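Asker: For reference, the file my_file_24.txt (compact mmCIF, C-alpha atoms and all ligand atoms) is included below:
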```txt
# COMPACT_ATOMS: atom_id res chain seq x y z
CA MET A 226 -0.84 21.64 10.32
CA ALA A 227 0.53 19.03 8.01
CA LYS A 228 1.80 19.32 4.46
CA ILE A 229 0.52 16.73 2.01
CA VAL A 230 2.23 16.35 -1.36
CA ILE A 231 -0.02 14.98 -4.10
CA LEU A 232 1.75 13.05 -6.86
CA ALA A 233 -1.16 12.21 -9.16
CA GLY A 234 1.04 10.59 -11.82
CA ASP A 235 -0.24 8.97 -14.99
CA GLY A 236 -3.21 7.09 -16.43
CA ILE A 237 -5.92 6.62 -13.82
CA GLY A 238 -3.54 8.04 -11.18
CA PRO A 239 -4.98 11.56 -11.40
CA GLU A 240 -8.56 10.23 -11.48
CA VAL A 241 -8.26 8.22 -8.25
CA ALA A 242 -5.93 10.71 -6.50
CA ARG A 243 -8.46 13.50 -7.14
CA GLU A 244 -11.18 11.55 -5.31
CA ALA A 245 -8.90 10.68 -2.40
CA GLU A 246 -7.69 14.27 -2.08
CA ALA A 247 -11.28 15.55 -2.08
CA CYS A 248 -12.08 13.19 0.81
CA LEU A 249 -9.08 14.48 2.78
CA ARG A 250 -10.04 18.11 2.10
CA LEU A 251 -13.57 17.50 3.30
CA ILE A 252 -12.44 15.81 6.53
CA SER A 253 -9.67 18.33 7.19
CA GLY A 254 -12.09 21.24 6.77
CA ALA A 255 -14.82 19.76 8.94
CA ARG A 256 -12.47 18.66 11.72
CA GLY A 257 -10.04 21.58 11.58
CA LEU A 258 -7.05 19.31 10.86
CA GLY A 259 -5.26 22.05 8.92
CA LEU A 260 -4.00 19.81 6.12
CA THR A 261 -2.46 21.65 3.18
CA PHE A 262 -2.09 20.18 -0.30
CA GLU A 263 0.53 20.71 -2.98
CA ASP A 264 0.58 19.07 -6.42
CA HIS A 265 3.89 17.99 -7.93
CA LEU A 266 4.99 16.28 -11.12
CA PHE A 267 5.96 12.63 -10.91
CA GLY A 268 6.36 9.69 -13.28
CA GLY A 269 5.54 10.02 -16.97
CA ALA A 270 4.07 13.49 -16.53
CA ALA A 271 7.40 14.60 -15.02
CA ILE A 272 9.39 12.95 -17.82
CA ASP A 273 7.34 14.92 -20.36
CA ALA A 274 8.07 18.16 -18.53
CA SER A 275 11.74 17.72 -17.60
CA GLY A 276 13.05 14.29 -18.65
CA ASP A 277 13.23 13.18 -14.98
CA PRO A 278 10.48 11.04 -13.37
CA PHE A 279 11.38 12.38 -9.89
CA PRO A 280 12.64 15.92 -10.52
CA GLU A 281 14.61 17.93 -7.94
CA GLU A 282 11.69 20.17 -7.16
CA THR A 283 9.36 17.21 -6.48
CA GLN A 284 12.07 15.56 -4.41
CA ARG A 285 12.47 18.60 -2.20
CA ALA A 286 8.72 18.94 -1.75
CA CYS A 287 8.52 15.27 -0.70
CA GLU A 288 11.39 15.63 1.76
CA ASN A 289 9.63 18.61 3.35
CA SER A 290 6.23 16.96 3.50
CA ASP A 291 4.45 15.13 6.30
CA ALA A 292 2.84 12.67 3.91
CA ILE A 293 2.66 11.92 0.19
CA LEU A 294 -0.42 10.73 -1.66
CA LEU A 295 0.48 8.98 -4.91
CA GLY A 296 -1.83 7.93 -7.75
CA ALA A 297 0.04 5.63 -10.14
CA VAL A 298 2.74 5.97 -12.76
CA GLY A 299 3.59 4.49 -16.12
CA GLY A 300 1.97 3.76 -19.44
CA PRO A 301 2.67 2.71 -23.03
CA LYS A 302 3.59 6.28 -23.99
CA TRP A 303 6.88 5.98 -22.09
CA ASP A 304 7.63 2.28 -22.66
CA GLY A 305 10.19 2.82 -25.42
CA GLY A 306 11.94 5.75 -23.76
CA SER A 307 15.37 5.81 -22.13
CA VAL A 308 13.88 6.65 -18.72
CA ARG A 309 10.82 4.84 -17.41
CA PRO A 310 8.29 6.51 -15.10
CA GLU A 311 8.66 3.59 -12.65
CA ALA A 312 12.30 4.65 -12.13
CA GLY A 313 10.80 7.55 -10.18
CA LEU A 314 9.30 5.09 -7.68
CA LEU A 315 12.69 3.49 -7.01
CA LYS A 316 14.41 6.83 -6.70
CA MET A 317 11.76 7.99 -4.26
CA ARG A 318 12.19 4.85 -2.12
CA GLY A 319 15.91 5.52 -1.90
CA THR A 320 15.63 9.26 -1.24
CA LEU A 321 13.05 8.85 1.52
CA GLY A 322 14.60 5.67 2.96
CA LEU A 323 11.30 3.82 2.66
CA PHE A 324 12.10 0.59 4.51
CA ALA A 325 8.60 -0.50 5.49
CA ASN A 326 5.85 -1.41 3.09
CA LEU A 327 2.40 -1.88 4.59
CA ARG A 328 -0.27 -3.64 2.58
CA PRO A 329 -3.68 -4.27 4.09
CA ALA A 330 -5.92 -6.90 2.51
CA ARG A 331 -9.50 -7.35 3.51
CA THR A 332 -12.89 -8.32 2.29
CA TYR A 333 -15.77 -5.90 2.04
CA ALA A 334 -19.26 -6.95 3.05
CA GLY A 335 -21.20 -7.67 -0.11
CA LEU A 336 -18.14 -8.38 -2.26
CA GLU A 337 -17.43 -11.92 -1.03
CA SER A 338 -18.53 -13.40 -4.34
CA PHE A 339 -15.74 -11.50 -6.16
CA SER A 340 -13.07 -13.34 -4.18
CA PRO A 341 -11.50 -16.41 -5.78
CA LEU A 342 -11.89 -18.02 -2.32
CA ARG A 343 -15.17 -19.42 -1.05
CA ALA A 344 -17.30 -16.81 0.70
CA ASP A 345 -17.40 -18.76 3.98
CA ILE A 346 -13.58 -18.93 4.08
CA VAL A 347 -12.91 -15.33 3.17
CA LYS A 348 -15.72 -13.60 5.08
CA GLY A 349 -14.27 -11.17 7.64
CA ALA A 350 -10.65 -11.53 6.49
CA ASP A 351 -8.74 -8.37 7.42
CA MET A 352 -4.96 -8.42 7.56
CA LEU A 353 -1.92 -6.24 7.09
CA VAL A 354 1.39 -7.33 5.62
CA VAL A 355 4.37 -5.38 6.95
CA ARG A 356 7.18 -6.05 4.50
CA GLU A 357 10.81 -5.05 4.97
CA LEU A 358 11.64 -3.17 1.77
CA THR A 359 15.32 -2.25 1.67
CA GLY A 360 17.23 -5.34 2.85
CA GLY A 361 17.55 -9.05 2.24
CA LEU A 362 18.15 -10.80 -1.06
CA TYR A 363 17.05 -7.89 -3.25
CA PHE A 364 19.84 -5.63 -2.00
CA GLY A 365 22.61 -8.11 -1.19
CA ASP A 366 25.80 -8.57 -3.23
CA LYS A 367 25.16 -10.37 -6.48
CA VAL A 368 27.37 -12.56 -8.63
CA GLU A 369 26.00 -13.04 -12.09
CA GLY A 370 27.94 -15.65 -14.02
CA THR A 371 26.92 -17.82 -16.94
CA GLU A 372 27.51 -21.10 -15.03
CA GLU A 373 26.89 -19.91 -11.50
CA ALA A 374 25.11 -17.00 -9.86
CA SER A 375 24.37 -15.93 -6.31
CA ASP A 376 22.35 -13.41 -4.35
CA LEU A 377 23.47 -12.69 -0.82
CA CYS A 378 20.80 -12.33 1.84
CA THR A 379 21.84 -10.11 4.73
CA TYR A 380 19.91 -8.61 7.62
CA SER A 381 21.29 -6.61 10.51
CA ARG A 382 19.81 -6.40 13.99
CA GLY A 383 18.94 -2.73 13.40
CA GLU A 384 17.08 -3.48 10.18
CA VAL A 385 14.98 -6.16 11.87
CA GLU A 386 14.30 -4.02 14.95
CA ARG A 387 12.95 -1.05 13.04
CA ILE A 388 10.59 -3.06 10.84
CA ALA A 389 9.44 -5.11 13.83
CA ARG A 390 8.53 -1.90 15.65
CA VAL A 391 6.44 -0.78 12.67
CA ALA A 392 4.54 -4.08 12.82
CA PHE A 393 3.93 -3.99 16.58
CA GLU A 394 2.80 -0.35 16.46
CA ALA A 395 0.39 -1.23 13.65
CA ALA A 396 -0.91 -4.25 15.58
CA ARG A 397 -1.65 -2.03 18.57
CA LYS A 398 -4.11 -0.09 16.43
CA ARG A 399 -5.65 -3.29 15.10
CA ARG A 400 -6.41 -6.67 16.72
CA LYS A 401 -3.08 -6.85 18.57
CA LYS A 402 -1.59 -9.91 16.95
CA VAL A 403 1.67 -10.18 14.97
CA THR A 404 2.57 -13.26 12.94
CA SER A 405 6.27 -13.05 12.13
CA VAL A 406 7.01 -15.10 9.03
CA ASP A 407 10.44 -16.57 8.32
CA LYS A 408 12.24 -19.75 7.34
CA ALA A 409 14.12 -20.22 10.60
CA ASN A 410 14.44 -23.98 10.11
CA VAL A 411 16.81 -23.33 7.18
CA LEU A 412 18.06 -19.73 7.00
CA ALA A 413 20.52 -17.98 9.33
CA THR A 414 18.98 -14.57 8.54
CA SER A 415 15.63 -16.00 9.62
CA ARG A 416 17.06 -17.17 12.95
CA LEU A 417 18.41 -13.66 13.63
CA TRP A 418 15.05 -12.28 12.50
CA ARG A 419 13.21 -14.54 14.96
CA ARG A 420 15.50 -13.65 17.90
CA VAL A 421 15.28 -9.90 17.32
CA VAL A 422 11.50 -9.91 16.75
CA THR A 423 11.08 -11.86 20.00
CA GLU A 424 13.15 -9.22 21.81
CA VAL A 425 11.19 -6.31 20.33
CA ALA A 426 7.96 -8.08 21.35
CA THR A 427 8.89 -7.71 25.03
CA GLN A 428 8.31 -3.96 24.60
CA TYR A 429 4.76 -4.70 23.41
CA PRO A 430 3.29 -6.99 26.08
CA ASP A 431 -0.22 -6.07 24.90
CA VAL A 432 0.45 -7.58 21.47
CA GLU A 433 0.45 -11.34 20.87
CA LEU A 434 3.41 -12.63 18.83
CA GLU A 435 3.53 -15.90 16.93
CA HIS A 436 6.30 -17.15 14.66
CA ALA A 437 5.42 -19.07 11.51
CA LEU A 438 7.29 -20.58 8.60
CA VAL A 439 6.72 -19.02 5.20
CA ASP A 440 5.69 -22.22 3.41
CA SER A 441 2.92 -23.15 5.82
CA THR A 442 1.85 -19.49 6.00
CA ALA A 443 1.35 -19.49 2.23
CA MET A 444 -1.14 -22.33 2.73
CA ALA A 445 -2.85 -20.86 5.80
CA LEU A 446 -3.48 -17.56 3.99
CA ILE A 447 -5.73 -19.46 1.60
CA THR A 448 -7.28 -21.98 4.03
CA HIS A 449 -7.72 -19.71 7.08
CA PRO A 450 -7.25 -16.06 6.04
CA THR A 451 -9.26 -14.80 9.02
CA ARG A 452 -6.62 -16.18 11.41
CA PHE A 453 -4.23 -13.33 10.60
CA ASP A 454 -3.97 -9.75 11.78
CA VAL A 455 -0.49 -8.28 11.15
CA ILE A 456 1.99 -10.36 9.13
CA LEU A 457 5.58 -9.21 9.62
CA THR A 458 8.14 -10.46 7.14
CA GLU A 459 11.33 -9.82 5.18
CA ASN A 460 11.62 -8.48 1.67
CA LEU A 461 11.30 -11.55 -0.57
CA PHE A 462 8.69 -13.39 1.51
CA GLY A 463 6.70 -10.14 1.80
CA ASP A 464 6.78 -9.59 -1.95
CA ILE A 465 5.25 -13.01 -2.55
CA LEU A 466 2.79 -13.13 0.36
CA SER A 467 1.45 -9.61 -0.24
CA ASP A 468 0.56 -10.50 -3.83
CA GLU A 469 -1.03 -13.76 -2.67
CA MET A 470 -3.15 -11.85 -0.16
CA SER A 471 -4.09 -9.10 -2.55
CA VAL A 472 -6.43 -11.30 -4.57
CA ILE A 473 -8.71 -12.25 -1.69
CA GLY A 474 -10.71 -9.00 -1.81
CA GLY A 475 -11.81 -9.46 -5.40
CA SER A 476 -10.43 -6.38 -7.19
CA ILE A 477 -7.01 -4.78 -7.37
CA GLY A 478 -8.80 -1.41 -7.33
CA LEU A 479 -9.74 -1.88 -3.65
CA LEU A 480 -6.26 -2.17 -2.19
CA ALA A 481 -4.24 0.45 -0.39
CA SER A 482 -0.63 0.64 0.70
CA ALA A 483 1.76 2.74 2.73
CA SER A 484 5.53 2.96 2.69
CA THR A 485 7.16 4.53 5.71
CA GLY A 486 10.75 5.58 6.00
CA THR A 487 13.57 7.14 7.91
CA THR A 488 12.71 10.78 7.16
CA GLY A 489 9.32 10.97 8.90
CA THR A 490 7.27 11.37 5.76
CA ALA A 491 5.54 8.38 4.17
CA VAL A 492 3.99 7.46 0.84
CA PHE A 493 0.37 6.33 0.51
CA GLU A 494 -0.81 4.79 -2.74
CA PRO A 495 -3.22 2.24 -4.15
CA ILE A 496 -1.39 -0.93 -5.15
CA HIS A 497 -2.69 -0.85 -8.73
CA GLY A 498 -0.88 0.72 -11.67
CA SER A 499 -1.95 3.39 -14.14
CA ALA A 500 -4.46 1.07 -15.91
CA PRO A 501 -3.99 2.57 -19.40
CA ASP A 502 -6.85 0.38 -20.68
CA ILE A 503 -9.43 2.37 -18.72
CA ALA A 504 -7.64 5.70 -18.22
CA GLY A 505 -9.46 8.96 -18.90
CA GLN A 506 -12.93 7.40 -18.90
CA ASP A 507 -13.95 7.83 -15.25
CA PHE A 508 -14.19 4.02 -14.90
CA ALA A 509 -11.47 3.49 -12.29
CA ASN A 510 -12.26 2.25 -8.81
CA PRO A 511 -10.97 4.93 -6.40
CA ALA A 512 -11.55 2.80 -3.28
CA GLY A 513 -7.88 1.76 -3.02
CA ALA A 514 -6.73 5.37 -3.29
CA ILE A 515 -9.31 6.51 -0.73
CA ALA A 516 -8.33 3.68 1.64
CA SER A 517 -4.72 4.87 1.18
CA ALA A 518 -5.85 8.35 2.24
CA ALA A 519 -7.30 6.75 5.40
CA MET A 520 -3.87 5.21 6.12
CA LEU A 521 -2.40 8.68 5.60
CA LEU A 522 -4.74 10.08 8.27
CA ASP A 523 -3.59 7.32 10.63
CA HIS A 524 0.04 8.25 9.94
CA LEU A 525 -0.71 11.86 10.93
CA GLY A 526 -2.34 10.70 14.15
CA HIS A 527 -5.93 11.32 13.03
CA SER A 528 -7.16 7.81 13.66
CA ALA A 529 -10.79 8.74 14.42
CA GLU A 530 -10.98 10.45 11.04
CA ALA A 531 -9.26 7.49 9.38
CA ARG A 532 -11.97 5.17 10.74
CA ILE A 533 -14.67 7.53 9.44
CA LEU A 534 -13.18 7.45 5.95
CA GLU A 535 -12.82 3.65 5.99
CA ALA A 536 -16.39 3.25 7.18
CA ALA A 537 -17.56 5.55 4.38
CA VAL A 538 -15.90 3.32 1.77
CA GLU A 539 -17.54 0.26 3.36
CA GLN A 540 -20.93 1.99 3.30
CA ALA A 541 -20.61 3.03 -0.33
CA ILE A 542 -19.81 -0.57 -1.31
CA ALA A 543 -22.51 -2.04 0.92
CA GLY A 544 -24.94 0.50 -0.57
CA GLY A 545 -24.40 -1.07 -3.98
CA PHE A 546 -22.15 1.58 -5.49
CA ARG A 547 -19.85 -0.54 -7.65
CA THR A 548 -17.39 0.58 -10.28
CA ARG A 549 -16.94 -1.45 -13.44
CA ASP A 550 -14.24 -3.75 -12.03
CA LEU A 551 -16.91 -4.94 -9.55
CA GLY A 552 -19.55 -5.42 -12.23
CA GLY A 553 -21.33 -2.12 -11.60
CA GLY A 554 -21.95 1.12 -13.46
CA THR A 555 -20.81 3.63 -10.84
CA ARG A 556 -18.27 6.11 -12.17
CA CYS A 557 -15.02 6.88 -10.38
CA SER A 558 -16.21 10.40 -9.56
CA GLU A 559 -19.63 9.14 -8.41
CA PHE A 560 -18.06 6.63 -6.04
CA GLY A 561 -15.88 9.39 -4.57
CA GLU A 562 -18.93 11.61 -4.16
CA GLN A 563 -20.83 8.80 -2.44
CA VAL A 564 -17.95 8.25 0.00
CA ARG A 565 -17.94 11.97 0.80
CA LEU A 566 -21.70 11.96 1.43
CA SER A 567 -21.18 9.14 3.88
CA VAL A 568 -18.24 10.96 5.51
CA ASP A 569 -20.42 14.05 5.83
CA ALA A 570 -23.14 12.04 7.52
CA GLN A 571 -20.64 10.73 10.09
CA LEU A 572 -18.94 14.07 10.88
P1 LIG B 601 -2.56 -2.12 -13.58
O1 LIG B 601 -2.70 -2.29 -12.11
O2 LIG B 601 -2.42 -0.73 -14.06
O3 LIG B 601 -3.81 -2.80 -14.30
C1 LIG B 601 -4.08 -4.20 -14.24
C2 LIG B 601 -5.58 -4.43 -14.57
O4 LIG B 601 -6.37 -4.02 -13.45
C3 LIG B 601 -6.09 -3.63 -15.76
O5 LIG B 601 -7.04 -4.38 -16.46
C4 LIG B 601 -6.74 -2.43 -15.12
O6 LIG B 601 -7.78 -1.87 -15.89
C5 LIG B 601 -7.27 -2.99 -13.82
N1 LIG B 601 -7.25 -1.96 -12.76
C6 LIG B 601 -6.16 -1.49 -12.11
N2 LIG B 601 -6.51 -0.56 -11.23
C7 LIG B 601 -7.85 -0.43 -11.31
C8 LIG B 601 -8.79 0.40 -10.66
N3 LIG B 601 -8.42 1.29 -9.71
N4 LIG B 601 -10.08 0.28 -11.01
C9 LIG B 601 -10.47 -0.61 -11.93
N5 LIG B 601 -9.63 -1.42 -12.59
C10 LIG B 601 -8.32 -1.32 -12.28
O7 LIG B 601 -1.30 -2.99 -14.02
P2 LIG B 601 -0.61 -3.08 -15.48
O8 LIG B 601 -1.66 -3.03 -16.54
O9 LIG B 601 0.28 -4.24 -15.40
O10 LIG B 601 0.32 -1.80 -15.58
C11 LIG B 601 -0.06 -0.59 -16.24
C12 LIG B 601 1.04 0.44 -16.02
O11 LIG B 601 1.11 0.78 -14.62
C13 LIG B 601 2.42 -0.04 -16.40
O12 LIG B 601 3.11 1.03 -16.99
C14 LIG B 601 3.05 -0.44 -15.08
O13 LIG B 601 4.44 -0.37 -15.10
C15 LIG B 601 2.45 0.61 -14.16
N6 LIG B 601 2.39 0.21 -12.74
C16 LIG B 601 2.58 1.21 -11.82
C17 LIG B 601 2.48 0.94 -10.47
C18 LIG B 601 2.60 2.09 -9.53
O14 LIG B 601 2.48 3.24 -9.91
N7 LIG B 601 2.84 1.84 -8.25
C19 LIG B 601 2.20 -0.41 -9.98
C20 LIG B 601 1.94 -1.37 -11.03
C21 LIG B 601 2.06 -1.06 -12.36
MG MG B 602 5.54 -7.83 -6.30
```
Go ahead and express the file in the form of structure tokens.
Ligand code: NAI
Ligand code: MG
Answerer:
Amino acid sequence: MAKIVILAGDGIGPEVAREAEACLRLISGARGLGLTFEDHLFGGAAIDASGDPFPEETQRACENSDAILLGAVGGPKWDGGSVRPEAGLLKMRGTLGLFANLRPARTYAGLESFSPLRADIVKGADMLVVRELTGGLYFGDKVEGTEEASDLCTYSRGEVERIARVAFEAARKRRKKVTSVDKANVLATSRLWRRVVTEVATQYPDVELEHALVDSTAMALITHPTRFDVILTENLFGDILSDEMSVIGGSIGLLASASTGTTGTAVFEPIHGSAPDIAGQDFANPAGAIASAAMLLDHLGHSAEARILEAAVEQAIAGGFRTRDLGGGTRCSEFGEQVRLSVDAQL
């Protein structure tokens, strides 16, 4: 038994979350996983109902959940208001102590031509950025003067240890390689980072660890993306590198993410926003949301089922089912249905 909270959100959020939830329901039913689902208000929809993008009741449901599936939030409707839907995302990160952000980036067979990189360079690329989300420059003391300003970058041993463990655990389920990215030739925080990651690595003798500098990694991601498996890095470097990586697959609609925290529950969401330009028309690509649902299954320990769901997305794409962002005419709901047919065939 596991309790899943669905926060469909705004714009295309409900459209893609619906497809992902339907995939989870199908798999849970067929495999007897006992997943239960509960919808709660979040983002703009929650502001409309109560003025708060992350209301008490939603907060409590999230705290008591095993996993959270999120669509997307935001939209022009709330842009002028005093509270923005995105404030709900920040509040949720704080409440659930979400310190680890996991962003896979990969290419799908048949979609190589949508990548801005040459097909022969990008073919087979499949990596995961594990980004520390609650430390470093973004959360350090700030001085904001007119002539001088500063942002303090701090990391503690404990902060590095816990994110390193997330990366090594993830690598164990993948190709067993961690590239830890820092700037140890210049930054003291990076030298601590490197020492602590090296120590944590001794507990994972089955996983290969390499250290790399962030500047050369930024190049290697473009020249040799297939070299990487898990990329472990701090907050600022992770912010930049995860966006750099996210373009290699060819559409923002394909990408999934997970944020894990200190409370045991975790948030799974596509990386895209609410896409107001295509909302309500059944045009959205639900692949990123469905791939997020596969990460959710992994989080709950159902890795065989996670692989089935991932394979079903691959098969739908390889079978020529393409939503509009990939130049096709497949509707959001049709793509979801196709994935479920493929799941069914594998169960
Ligand atoms: P966006 O990701 O919503 O859209 C960017 C472009 O990509 C648009 O042309 C959109 O149509 C397309 N796109 C995005 N997802 C797609 C999908 N699944 N299938 C097909 N096409 C897709 O980013 P944008 O336009 O900057 O932001 C729109 C709203 O979403 C804003 O209010 C923003 O604050 C919010 N947002 C929310 C996020 C979240 O909930 N985590 C993340 C990013 C933005
Ligand atoms: Mg960013």
Asker: To one decimal in Å, tell me the separation between CA of Leu232 in chain A and CA of Leu521 in chain A.
Answerer: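 Going from CA of Leu232 in chain A over to CA of Leu521 in chain A covers 13.8 Å.
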Asker: Do you have, as CSV, the list of residues of range 394-430 of chain A lying at most 7 Å from range 435-450 of chain A, each with its nearest atom pair and that distance in Å to one decimal, counting all atoms listed in the file and ordered by chain then number?
Answerer:
```
residue,atom,partner,partner_atom,distance
A:Val403,CA,A:Glu435,CA,6.3
A:Thr404,CA,A:Glu435,CA,4.9
A:Ser405,CA,A:His436,CA,4.8
A:Val406,CA,A:Ala437,CA,4.9
A:Asp407,CA,A:Leu438,CA,5.1
A:Lys408,CA,A:Leu438,CA,5.2
```
Asker: How would you report the residues lying within 12 Å of ligand MG 602 (chain B), as a list in words, if you count all atoms listed in the file?
Answerer: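 Those within range of ligand MG 602 (chain B) are Asn326, Arg328, Arg356, Leu358, Tyr363, Asn460, Leu461, Phe462, Gly463, Asp464, Ile465, Leu466, Ser467, Asp468, Glu469, Met470, Ser471, Ile496, His497 and Gly498 of chain A.
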Asker: Taking every listed atom of ligand LIG 601 (chain B) and adding 8 Å to each side, what centre and edge lengths in Å (one decimal) does the axis-aligned box have, as JSON?
Answerer:
```
{"center_x": -3.0, "center_y": -0.6, "center_z": -12.6, "size_x": 30.9, "size_y": 23.7, "size_z": 24.7}
```
Asker: Figure out the distance between atom N2 of ligand LIG 601 (chain B) and CA of Trp303 in chain A, please, to one decimal in Å.
Answerer: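 Distance between the two atoms: 18.4 Å.
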Asker: Between A:Phe324, A:Phe364, A:Phe508, A:Phe393, which has the minimum distance to ligand LIG 601 (chain B) (counting all atoms listed in the file)?
Answerer: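 Using all atoms listed in the file, ligand LIG 601 (chain B) sits closest to A:Phe508.
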Asker: Compile the contact shell of range 474-481 of chain A as a short mmCIF file (atom, residue, chain, number, x, y, z; two decimals) with C-alpha atoms, in the frame of the given file: residues with an atom at most 10 Å away, counting only C-alpha atoms, same-chain residues fewer than 3 positions apart removed.
Answerer:
```cif
data_model
loop_
_atom_site.label_atom_id
_atom_site.label_comp_id
_atom_site.auth_asym_id
_atom_site.auth_seq_id
_atom_site.Cartn_x
_atom_site.Cartn_y
_atom_site.Cartn_z
CA VAL A 241 -8.26 8.22 -8.25
CA LEU A 327 2.40 -1.88 4.59
CA ARG A 328 -0.27 -3.64 2.58
CA PRO A 329 -3.68 -4.27 4.09
CA ALA A 330 -5.92 -6.90 2.51
CA ARG A 331 -9.50 -7.35 3.51
CA THR A 332 -12.89 -8.32 2.29
CA TYR A 333 -15.77 -5.90 2.04
CA LEU A 336 -18.14 -8.38 -2.26
CA GLU A 337 -17.43 -11.92 -1.03
CA SER A 338 -18.53 -13.40 -4.34
CA PHE A 339 -15.74 -11.50 -6.16
CA SER A 340 -13.07 -13.34 -4.18
CA PRO A 341 -11.50 -16.41 -5.78
CA LEU A 342 -11.89 -18.02 -2.32
CA VAL A 347 -12.91 -15.33 3.17
CA LYS A 348 -15.72 -13.60 5.08
CA ALA A 350 -10.65 -11.53 6.49
CA ASP A 351 -8.74 -8.37 7.42
CA MET A 470 -3.15 -11.85 -0.16
CA SER A 471 -4.09 -9.10 -2.55
CA PHE A 493 0.37 6.33 0.51
CA GLU A 494 -0.81 4.79 -2.74
CA PRO A 495 -3.22 2.24 -4.15
CA ILE A 496 -1.39 -0.93 -5.15
CA HIS A 497 -2.69 -0.85 -8.73
CA GLY A 498 -0.88 0.72 -11.67
CA ALA A 500 -4.46 1.07 -15.91
CA ALA A 509 -11.47 3.49 -12.29
CA ASN A 510 -12.26 2.25 -8.81
CA PRO A 511 -10.97 4.93 -6.40
CA ALA A 512 -11.55 2.80 -3.28
CA GLY A 513 -7.88 1.76 -3.02
CA ALA A 514 -6.73 5.37 -3.29
CA ILE A 515 -9.31 6.51 -0.73
CA ALA A 516 -8.33 3.68 1.64
CA SER A 517 -4.72 4.87 1.18
CA ALA A 518 -5.85 8.35 2.24
CA ALA A 519 -7.30 6.75 5.40
CA MET A 520 -3.87 5.21 6.12
CA VAL A 538 -15.90 3.32 1.77
CA THR A 548 -17.39 0.58 -10.28
CA ASP A 550 -14.24 -3.75 -12.03
CA LEU A 551 -16.91 -4.94 -9.55
#
```
Asker: What gap, in Å, lies between CA of Gly360 in chain A and atom C1 of ligand LIG 601 (chain B)?
Answerer: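 According to the coordinates, CA of Gly360 in chain A and atom C1 of ligand LIG 601 (chain B) are separated by 27.3 Å.
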Asker: If we count all atoms listed in the file and set the cut-off at 9 Å, which residues sit around Met226 in chain A, ignoring sequence neighbours fewer than 3 positions away in its own chain? Please answer as a list in words.
Answerer: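 That gives Leu258, Gly259, Leu260 and Thr261 of chain A.
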Asker: Restricting the calculation to only C-alpha atoms and all ligand atoms, which member of A:Pro280, A:Gly553, A:Gly370, A:Gly257 is positioned closest to ligand LIG 601 (chain B)?
Answerer: A:Gly553
Asker: Taking (-1.8, -6.4, 10.9) as a centre in this file's frame and 10 Å as the limit, can you find every polymer residue with an atom that close, using all atoms listed in the file, and give them as an MDAnalysis selection string?
Answerer: chainID A and resid 327:330 351:355 392:404 453:457
